[in-house]
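First up is the structure itself, then whatever we jot down about it.
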Amino acid sequence: MGLLDGRNALIFGVANDHSIAWGIARALQAEGAEVGFSSVESLIERRVRPLAESIGSTFVEPCDVQSDEQIRAVFARWAETHDSLDILVHALAFARREDLEGGFVETSREGFALALDVSAYSLVALAREARPLLRRGSSILTLSYYGAEKVVANYNVMGVAKAALEASVRYLAVDLGPDGIRVNAISAGPIRTLAASGIAGFKRMYGGFAEVAPLRANITPEDVGRSAVYLASDLSNAVTGETLYVDGGFNIVGVPTAD
Ligand code: NAD
């Protein structure tokens with residue numbers, strides 16, 4: 001018996017087999033969920049479809065989350081074969097490379113708007129368009145990072161976007177809560193992924209993490225996947241609007257001391 005037997009999940013944000021979204025997909029599937037995928041068009045045939053097929057998943061649809069039309073099309077396709085959506089996973093973000101290094105004060109108006117649109121507003125847009133399919137017990141999940149609340153070198157506009165994302169989680173949780181729909185974020189410790197490679201100095205940040213995090217280990221997509229199962233399942237049926245840290249305790253430390 002799996003914790004997610006009989007449930008289905010639509011997962012946005014798989015780029016490759018290092019993606020956090022892929023770790024979440026495998027964990028949800030291992031607990032019995034049927035999973036479907038949406039990702040940007042350019043990744044679909046080369047990356048996402050082969051991964052989906054490797055776990056027997058046939059629902060793979062393109063979507064650039066900057067387009068309301070494309071978002072609507074994905075949920076319309078889902079509705080052709082499903083009566084409902086139990087789990088919606090939003091594991092995507094984007095900012096221009098030049099906005100992820102140097103001074104935050106240099107962030108352009110366009111770079112700010114782009115990062116906030118793709119990385120924060122898209123959660124609102126996905127939740128709204130998914131709403132007719134969501135039912136009592138459905139769970140929406142997104143991915144955040146510690147840079148939302150403390151300054152992390154070079155994270156810059158993405159920190160502001162993650163702060164907006166975490167606030168959006170709370171507002172959505174209040175809007176959708178009366179219908180029994182939960183909305184939560186996982187704030188993950190650093191993981192080597194395509195998106196992370198766009199942040200200047202990421203290697204330095206990743207390298208020292210395991211020395212100062214209380215659990216003295218790096219975080220993996222599998223770690224995030226297991227916590228996603230908790231947030232997607234009835235184990236967390238009274239939890240909404242929260243940001244759950246999956247960071248080996250890193251966020252609780254005021255002044256880090258390495259061994
Ligand atoms: P990733 O590169 O594997 O995934 C990022 C995804 O965002 C990609 O699939 C990309 O195609 C998608 N994306 C970007 N712009 C898009 C658009 N306009 N429309 C649709 N999709 C778009 O990297 P990841 O690290 O797995 O990132 C997943 C999430 O986890 C992101 O929100 C990221 O900020 C967050 N996160 C990552 C880390 C880390 O250290 N890797 C830590 C905490 C939180």
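Quick note on naming: the chains in the structure tokens go A, B, ... in the order shown, residues restart at 1 in each chain, and ligands are numbered from 1 in order of appearance.
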Practice problem: Please identify all polymer residues within 10 Å of Val74 of chain A, counting only C-alpha atoms, omitting same-chain residues fewer than 3 positions from it, and present them as a VMD selection string. | Solution: chain A and resid 10 37 to 38 59 to 63 69 to 71 77 to 79 126 129 to 130
* Write as a PyMOL selection string the residues around ligand 1, taking 6 Å as the cut-off and counting only C-alpha atoms and all ligand atoms. => chain A and resi 13-15+19-21+39-40+63-66+91-94+118+143-145+187-196
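Comparing the minimum interatomic distances between Ala153 of chain A and each of A:Met205, A:Ala173, A:Leu123, A:Ile186, counting only C-alpha atoms, we find that A:Met205 sits nearest.
Closest approach to Phe12 of chain A from the set A:Ser122, A:Asn251, A:Asn184, A:Thr257 is made by A:Ser122, with distances taken over only C-alpha atoms.
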Can you list, as a PyMOL selection string, every residue of segment 23-236 of chain A that DSSP puts in helix (DSSP H, G or I)?
chain A and resi 23-30+41-54+68-81+97-100+104-106+109-133+146-148+156-179+194-197+202-212+221-232+234-236
Discussion item. I need the residues in segment 32-257 of chain A that are strand (DSSP E) according to DSSP; give them as a PyMOL selection string.
Written reply: chain A and resi 34-39+60-62+85-90+134-144+182-188+243-246
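Reported to one decimal place, the separation of atom CA of Glu149 of chain A from atom CA of Gly254 of chain A is 13.2 Å.
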- Query: So which residues touch Phe250 of chain A within 9 Å, counting only C-alpha atoms, skipping near sequence neighbours fewer than 3 positions away, as a count of residues only?
  - Reply: 11
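Among the candidates A:Ala115, A:Met1, A:Leu244, A:Ala185, the one nearest to Glu98 of chain A when counting only C-alpha atoms is A:Ala115.
Candidate residues A:Val169, A:Arg96, A:Leu141, A:Gly180 were compared for distance to Ser227 of chain A, and the nearest is A:Leu141, using only C-alpha atoms.
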* Residues at most 8 Å from Leu100 of chain A, counting only C-alpha atoms, excluding those fewer than 6 positions away in the same chain, as a PyMOL selection string? -> chain A and resi 154-158+198-200
Keeping only all heavy atoms, write the selected residues to a file as a PDB file, in the first residue's frame.
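Once everything was written out, this is again_13.pdb:
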ATOM      1  N   ASN A 154      24.970  36.751  -4.398  1.00  0.00           N
ATOM      2  CA  ASN A 154      24.650  36.497  -5.813  1.00  0.00           C
ATOM      3  C   ASN A 154      23.223  35.975  -6.068  1.00  0.00           C
ATOM      4  O   ASN A 154      22.803  35.909  -7.216  1.00  0.00           O
ATOM      5  CB  ASN A 154      25.653  35.515  -6.457  1.00  0.00           C
ATOM      6  CG  ASN A 154      27.057  36.065  -6.457  1.00  0.00           C
ATOM      7  OD1 ASN A 154      27.269  37.226  -6.780  1.00  0.00           O
ATOM      8  ND2 ASN A 154      28.020  35.247  -6.059  1.00  0.00           N
ATOM      9  N   TYR A 155      22.499  35.591  -5.026  1.00  0.00           N
ATOM     10  CA  TYR A 155      21.142  35.075  -5.256  1.00  0.00           C
ATOM     11  C   TYR A 155      20.212  36.218  -5.692  1.00  0.00           C
ATOM     12  O   TYR A 155      19.263  36.034  -6.435  1.00  0.00           O
ATOM     13  CB  TYR A 155      20.631  34.361  -4.000  1.00  0.00           C
ATOM     14  CG  TYR A 155      19.530  33.361  -4.268  1.00  0.00           C
ATOM     15  CD1 TYR A 155      19.743  32.268  -5.106  1.00  0.00           C
ATOM     16  CD2 TYR A 155      18.274  33.514  -3.694  1.00  0.00           C
ATOM     17  CE1 TYR A 155      18.730  31.348  -5.353  1.00  0.00           C
ATOM     18  CE2 TYR A 155      17.258  32.595  -3.931  1.00  0.00           C
ATOM     19  CZ  TYR A 155      17.489  31.521  -4.755  1.00  0.00           C
ATOM     20  OH  TYR A 155      16.480  30.613  -4.998  1.00  0.00           O
ATOM     21  N   ASN A 156      20.496  37.394  -5.148  1.00  0.00           N
ATOM     22  CA  ASN A 156      19.930  38.666  -5.640  1.00  0.00           C
ATOM     23  C   ASN A 156      18.433  38.629  -5.975  1.00  0.00           C
ATOM     24  O   ASN A 156      17.623  38.312  -5.116  1.00  0.00           O
ATOM     25  CB  ASN A 156      20.750  39.146  -6.848  1.00  0.00           C
ATOM     26  CG  ASN A 156      22.180  39.492  -6.437  1.00  0.00           C
ATOM     27  OD1 ASN A 156      22.538  39.367  -5.275  1.00  0.00           O
ATOM     28  ND2 ASN A 156      22.986  39.930  -7.379  1.00  0.00           N
ATOM     29  N   VAL A 157      18.074  38.894  -7.225  1.00  0.00           N
ATOM     30  CA  VAL A 157      16.655  39.033  -7.576  1.00  0.00           C
ATOM     31  C   VAL A 157      15.890  37.742  -7.329  1.00  0.00           C
ATOM     32  O   VAL A 157      14.681  37.770  -7.062  1.00  0.00           O
ATOM     33  CB  VAL A 157      16.503  39.497  -9.053  1.00  0.00           C
ATOM     34  CG1 VAL A 157      16.867  38.377 -10.027  1.00  0.00           C
ATOM     35  CG2 VAL A 157      15.109  40.018  -9.318  1.00  0.00           C
ATOM     36  N   MET A 158      16.586  36.609  -7.337  1.00  0.00           N
ATOM     37  CA  MET A 158      15.884  35.351  -7.079  1.00  0.00           C
ATOM     38  C   MET A 158      15.462  35.276  -5.605  1.00  0.00           C
ATOM     39  O   MET A 158      14.441  34.665  -5.288  1.00  0.00           O
ATOM     40  CB  MET A 158      16.764  34.158  -7.469  1.00  0.00           C
ATOM     41  CG  MET A 158      16.030  32.845  -7.521  1.00  0.00           C
ATOM     42  SD  MET A 158      14.553  32.833  -8.565  1.00  0.00           S
ATOM     43  CE  MET A 158      15.292  32.764 -10.164  1.00  0.00           C
ATOM     44  N   GLY A 198      23.433  28.421 -12.767  1.00  0.00           N
ATOM     45  CA  GLY A 198      23.339  29.804 -13.245  1.00  0.00           C
ATOM     46  C   GLY A 198      23.649  30.831 -12.173  1.00  0.00           C
ATOM     47  O   GLY A 198      23.738  32.024 -12.454  1.00  0.00           O
ATOM     48  N   ILE A 199      23.811  30.388 -10.926  1.00  0.00           N
ATOM     49  CA  ILE A 199      24.073  31.325  -9.819  1.00  0.00           C
ATOM     50  C   ILE A 199      25.577  31.428  -9.609  1.00  0.00           C
ATOM     51  O   ILE A 199      26.237  30.415  -9.344  1.00  0.00           O
ATOM     52  CB  ILE A 199      23.388  30.835  -8.510  1.00  0.00           C
ATOM     53  CG1 ILE A 199      21.881  30.655  -8.739  1.00  0.00           C
ATOM     54  CG2 ILE A 199      23.664  31.800  -7.364  1.00  0.00           C
ATOM     55  CD1 ILE A 199      21.215  29.778  -7.698  1.00  0.00           C
ATOM     56  N   ALA A 200      26.113  32.635  -9.752  1.00  0.00           N
ATOM     57  CA  ALA A 200      27.559  32.821  -9.594  1.00  0.00           C
ATOM     58  C   ALA A 200      27.986  32.341  -8.207  1.00  0.00           C
ATOM     59  O   ALA A 200      27.309  32.593  -7.213  1.00  0.00           O
ATOM     60  CB  ALA A 200      27.912  34.294  -9.779  1.00  0.00           C
TER      61      ALA A 200
END
